[in-house]
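Report on one structure; see the data block that follows.
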Amino acid sequence: MLHRSKYKVLSEGIIECLIRVCGISAVVFVFAIFLFVFWEGKGLIFSGEFEFWKFLTTKEWYPASESNPRYGVSALIAGTVSVTVLAMVIAVPFGLGVALFISEFCSPKLKETLKIVIELLAAIPSVVWGFIGLTIMNQLIMKLFGAPIGLTVLNGAIILALMSVPIIVSIGEDALQAVPDSYREAGIGLGVTRWQMVYKVLLPAAKNGLLAAVLLGVGRAIGETMAVLMATGHAVHIPFNAEFPYLHGLDSVRTLTATIAAELGETARDSSHYQVLFIIGILLFTITFVVNLTADLIVKGVKGK
Amino acid sequence: MIEPKNNASRFTETAIGRKKQFTERIAKFVFLLMTLAMVVPLLLIVGFLLYKAWPALSIDFVFELPKNGMREGGIWPAFLGTLYLVLISLVIAAPIGVMAAIYLNEYAKENWFTRIINLAVINLAGVPSIVHALFGLGAFVLFAGLGRSVLAASLTLAVMTLPVIIASTKEALSAVPMSFRQASWNMGVSRWQTIRGIVMPNSVSGILTGIILQVSRAAGETAPIMFTGVVFYKAVDKGDLLAYGLLDQCMALAMHLYTISTQVPGVPDAVPFATAVILLGVVLLVNALSIVLRIYIRTHRKW
């Protein structure tokens, strides 16, 4: 009978222990993120002057006012919502269209090339996107629409759309690939065209996965910081009103993320301005958490079948 | 008897059939247009950036110090800072990420706890970058007392890029066939020895792909390092490779691009464009490397 040395048994025990510790690291970090962001913002939450409902629903954002600082984020939420919604109006049809084209309509060689291009598109850093918005898109929008300034909802939305399309394409393509080939063969065998097969068979079969792809795109758009900070013009403003077209694409706005990035550097620690920025952080964390959780549940629902 | 002109007319053409073929062509065309609409702007944008950056772009631009309030000269301190941040965050994130993936793929049983870990990985990837910045500020800069430093910024980047490494390592590990492990276990080899001797060597290039992707991600991020250690300007000596200490503040390429394009007035056009091109070039090159590696793995797989 061979015996392994005590040293070897011990070192193996240590390494397995280490692996288990690292295994739960992601859970630890997610909790830590919430805890630390909450910790820095808690002073204001428990100060008694802070009313969460007022924080969410008023639109006066004057955090630096000496005499009467007011923290209302509804205009910032409107900024985030407007940019995200318009970005998704562009990105969802394009993302799903490209996913369908890559998955169903093109040759294997073209498919490989397109997937690489999409991957490179996804790799472009957000600050470079922001810079493109600040320079190229800005000029373009001023020329095309005769707007006085091109740093608008539309600018941010186009940039965000280009950023979220790769996510929608890659997750959407996975969802389409997950549909068994026998579904396709059954359709084609009945003499339908590819488009009829896609429309009547593939889309219903892959709809949950495609929905998850869209949600992950939304999550990315809500959380994006640098690109919208540089491209949307930085005005605290609600771009919605009751008249057609309801959403004014040529207004400048400011999003939740951009506000933190722009103002955190100027605030003193433990001032209420500093703390309110952390509360916005908690808000963002919660929103993206819910969006990602929903996407995951939808995907898992598919696999459970 | 009338000879059919071609294959298509051998069948009776009906109105429905024509309509069907017509829609098919339209659909295909629309999808092709959509794809072009995604690919063409990418090429146009890169071309335009290169065109605008051309006057300032040179090898010297990378190795020169910025002059005249960053309006002239090069980007060396920022380039070096990015190198530091990327390498240190890599050293922190790679072992944790790889081991976490080993746990998830080799040790974890299929139960609610594993499901929670997987959920946490997905959510960690989905947390907005600016929230990571707030976390880095609260946890590393203030709580751990590191101050705004290279180390604090690298730690923030490491936490942020962890999911990238976990996801791709997991994929690489799960590509190793189960029979390899079973063969090893049957010889009486322990779990960890199997992982080290059989699973890891067979998936090392896949793991490497994930690590390269982490580098590309870390090099491009701005928001998480903004408040945790990167500053607008820091004087370093030309060509000094050890310019930053672990607890020093530093400059970074992504932050430098943000600064000179929004905060500094009177910068000549070509300078921010050249900085953008260098940043984009670095990130895309690193990504291309991982793509090449992946294609290599696929064509040289042993099983």
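Residue numbering restarts at 1 for every chain of the structure tokens, chains are lettered A, B, ... in their displayed order, and ligands are numbered from 1 as they appear.
Surrounding segment 207-215 of chain A within 8 Å are A:Val92, A:Leu96, A:Ile167, A:Ile168, A:Val169, A:Ile171, A:Gly172, A:Asp174, A:Ala175, A:Leu176, A:Leu203, A:Gly219, A:Val291, A:Asn292, A:Thr294, A:Ala295, A:Asp296, A:Ile298, A:Val299, A:Val302, with only C-alpha atoms counted and residues fewer than 4 positions along the same chain left out.
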Any idea which chain A residues end up within 6 Å of chain B if we count only C-alpha atoms, as a VMD selection string please? chain A and resid 19 22 to 23 26 to 27 33 36 to 37 94 97 to 98 101 125 195 223 281
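Of the listed residues B:Val267, B:Leu247, B:Val150, B:Leu65, the one whose atoms come nearest to Ala78 of chain B is B:Leu65, with distances taken using only C-alpha atoms.
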According to DSSP computed on the backbone, where in segment 145-181 of chain B is there alpha helix (DSSP H)? Give the residues as a list in words.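 DSSP on the backbone gives alpha helix (DSSP H) at Val150, Leu151, Ala152, Ala153, Ser154, Leu155, Thr156, Leu157, Ala158, Val159, Met160, Thr161, Leu162, Pro163, Val164, Ile165, Ile166, Ala167, Ser168, Thr169, Lys170, Glu171, Ala172, Leu173, Ser174, Met178, Ser179, Phe180 and Arg181 of chain B.
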Given the selection you just returned, output its residues as a file containing C-alpha atoms, formatted as a PDB file, in the first residue's frame.
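Below is the file selection04.pdb, written as the result:
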```pdb
ATOM      1  CA  VAL B 150      -2.665  52.400  -7.808  1.00  0.00           C
ATOM      2  CA  LEU B 151      -3.469  49.493  -5.488  1.00  0.00           C
ATOM      3  CA  ALA B 152      -6.994  50.685  -4.647  1.00  0.00           C
ATOM      4  CA  ALA B 153      -7.788  51.309  -8.317  1.00  0.00           C
ATOM      5  CA  SER B 154      -6.365  47.924  -9.330  1.00  0.00           C
ATOM      6  CA  LEU B 155      -8.399  46.148  -6.658  1.00  0.00           C
ATOM      7  CA  THR B 156     -11.554  47.870  -7.909  1.00  0.00           C
ATOM      8  CA  LEU B 157     -10.754  46.827 -11.470  1.00  0.00           C
ATOM      9  CA  ALA B 158     -10.018  43.281 -10.292  1.00  0.00           C
ATOM     10  CA  VAL B 159     -13.434  42.917  -8.638  1.00  0.00           C
ATOM     11  CA  MET B 160     -15.080  44.349 -11.721  1.00  0.00           C
ATOM     12  CA  THR B 161     -13.345  42.050 -14.204  1.00  0.00           C
ATOM     13  CA  LEU B 162     -13.604  38.898 -12.070  1.00  0.00           C
ATOM     14  CA  PRO B 163     -16.759  37.645 -13.855  1.00  0.00           C
ATOM     15  CA  VAL B 164     -14.964  37.797 -17.218  1.00  0.00           C
ATOM     16  CA  ILE B 165     -12.296  35.390 -15.990  1.00  0.00           C
ATOM     17  CA  ILE B 166     -14.748  33.139 -14.142  1.00  0.00           C
ATOM     18  CA  ALA B 167     -17.058  32.795 -17.154  1.00  0.00           C
ATOM     19  CA  SER B 168     -14.386  32.004 -19.724  1.00  0.00           C
ATOM     20  CA  THR B 169     -12.380  29.693 -17.442  1.00  0.00           C
ATOM     21  CA  LYS B 170     -15.536  27.781 -16.626  1.00  0.00           C
ATOM     22  CA  GLU B 171     -16.211  27.370 -20.312  1.00  0.00           C
ATOM     23  CA  ALA B 172     -12.642  26.158 -20.929  1.00  0.00           C
ATOM     24  CA  LEU B 173     -12.834  23.651 -18.053  1.00  0.00           C
ATOM     25  CA  SER B 174     -16.187  22.268 -19.087  1.00  0.00           C
ATOM     26  CA  MET B 178     -15.646  13.990 -18.451  1.00  0.00           C
ATOM     27  CA  SER B 179     -13.983  10.731 -19.518  1.00  0.00           C
ATOM     28  CA  PHE B 180     -10.537  12.313 -18.989  1.00  0.00           C
ATOM     29  CA  ARG B 181     -11.381  12.909 -15.339  1.00  0.00           C
TER      30      ARG B 181
END
```
List the spatial neighbours of Phe63 of chain B as an mmCIF file with N, CA and C atoms, in the first residue's frame - criterion: any atom at most 10 Å away, only C-alpha atoms, same-chain residues fewer than 4 positions off excluded.
```cif
data_model
loop_
_atom_site.group_PDB
_atom_site.id
_atom_site.type_symbol
_atom_site.label_atom_id
_atom_site.label_comp_id
_atom_site.auth_asym_id
_atom_site.auth_seq_id
_atom_site.Cartn_x
_atom_site.Cartn_y
_atom_site.Cartn_z
ATOM 1 N N SER B 58 2.364 59.186 -33.672
ATOM 2 C CA SER B 58 3.710 58.711 -33.972
ATOM 3 C C SER B 58 4.163 57.854 -32.803
ATOM 4 N N ILE B 59 5.266 57.163 -32.981
ATOM 5 C CA ILE B 59 5.805 56.362 -31.878
ATOM 6 C C ILE B 59 6.146 57.275 -30.700
ATOM 7 N N GLY B 73 2.759 67.391 -26.647
ATOM 8 C CA GLY B 73 3.552 66.274 -26.138
ATOM 9 C C GLY B 73 2.793 64.967 -26.246
ATOM 10 N N GLY B 74 3.212 63.981 -25.409
ATOM 11 C CA GLY B 74 2.669 62.638 -25.575
ATOM 12 C C GLY B 74 1.821 62.188 -24.411
ATOM 13 N N ILE B 75 1.753 60.870 -24.231
ATOM 14 C CA ILE B 75 0.850 60.304 -23.233
ATOM 15 C C ILE B 75 1.550 59.293 -22.337
ATOM 16 N N TRP B 76 2.880 59.354 -22.249
ATOM 17 C CA TRP B 76 3.621 58.316 -21.543
ATOM 18 C C TRP B 76 3.123 58.024 -20.132
ATOM 19 N N PRO B 77 2.904 59.055 -19.265
ATOM 20 C CA PRO B 77 2.488 58.728 -17.891
ATOM 21 C C PRO B 77 1.157 57.985 -17.872
ATOM 22 N N PHE B 79 -0.072 56.076 -20.331
ATOM 23 C CA PHE B 79 0.161 54.750 -20.891
ATOM 24 C C PHE B 79 0.743 53.823 -19.824
ATOM 25 N N LEU B 80 1.748 54.347 -19.117
ATOM 26 C CA LEU B 80 2.392 53.565 -18.065
ATOM 27 C C LEU B 80 1.409 53.231 -16.945
ATOM 28 N N LYS B 238 10.677 60.801 -18.009
ATOM 29 C CA LYS B 238 10.555 60.149 -19.296
ATOM 30 C C LYS B 238 11.260 58.793 -19.285
ATOM 31 N N GLY B 239 10.563 57.761 -19.752
ATOM 32 C CA GLY B 239 11.189 56.449 -19.858
ATOM 33 C C GLY B 239 11.341 55.713 -18.538
#
```
For Arg184 of chain A: contacts at 9 Å, only C-alpha atoms, fewer than 5 positions along chain excluded, given as a CSV table (one decimal) with N, CA and C atoms, in the first residue's frame:
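Listing of result_5.csv after writing:
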```csv
chain,number,residue,atom,x,y,z
A,179,VAL,N,-32.3,26.4,-30.1
A,179,VAL,CA,-33.5,25.7,-30.7
A,179,VAL,C,-33.0,24.5,-31.5
A,189,GLY,N,-39.1,21.2,-44.3
A,189,GLY,CA,-39.7,20.0,-44.9
A,189,GLY,C,-41.1,20.2,-45.4
A,194,ARG,N,-37.4,30.2,-45.6
A,194,ARG,CA,-36.7,30.4,-44.4
A,194,ARG,C,-37.3,31.5,-43.5
A,197,MET,N,-40.2,30.1,-41.7
A,197,MET,CA,-39.8,29.2,-40.7
A,197,MET,C,-39.3,30.0,-39.5
A,198,VAL,N,-38.5,31.1,-39.7
A,198,VAL,CA,-38.0,32.0,-38.6
A,198,VAL,C,-39.2,32.6,-37.9
A,201,VAL,N,-41.8,29.5,-36.5
A,201,VAL,CA,-41.2,28.4,-35.7
A,201,VAL,C,-40.2,28.9,-34.7
A,202,LEU,N,-39.1,29.6,-35.3
A,202,LEU,CA,-38.0,29.9,-34.5
A,202,LEU,C,-38.2,31.0,-33.5
```
Taking the DSSP assignment computed from this structure's backbone, write out as a PyMOL selection string all residues of segment 52-209 of chain B that belong to strand (DSSP E or B). chain B and resi 66-67+72-73
For Ile77 of chain A, find every residue with an atom within 12 Å (counting only C-alpha atoms), except residues of its own chain fewer than 5 positions away, and show them as a list in words. Phe55, Leu56, Thr57, Thr58, Lys59, Trp61, Gly72, Ser82, Val83, Thr84, Val85, Ile222, Val236, His237, Ile238, Pro239, Phe240, Val253, Arg254, Thr255, Leu256, Thr257, Ala258, Thr259, Ile280, Leu283, Leu284 and Ile287 of chain A
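Residue nearest Leu140 of chain A, chosen from A:Ile282, A:Ile158, A:Tyr183, A:Ala78 and counting only C-alpha atoms: A:Ile158.
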My list of candidates is A:Arg20, A:Leu160, A:Ala227, A:Tyr199. Which is closest to Ala91 of chain A when distances are computed with only C-alpha atoms?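 Between A:Arg20, A:Leu160, A:Ala227, A:Tyr199, the residue approaching Ala91 of chain A most closely is A:Leu160.
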Using only C-alpha atoms, the residue out of A:Leu18, A:Ile102, A:Ala64, A:Val9 with shortest distance to Tyr274 of chain A is A:Ala64
note - atom CA of Leu121 of chain A and atom CA of Thr209 of chain B are separated by 17.5 Å
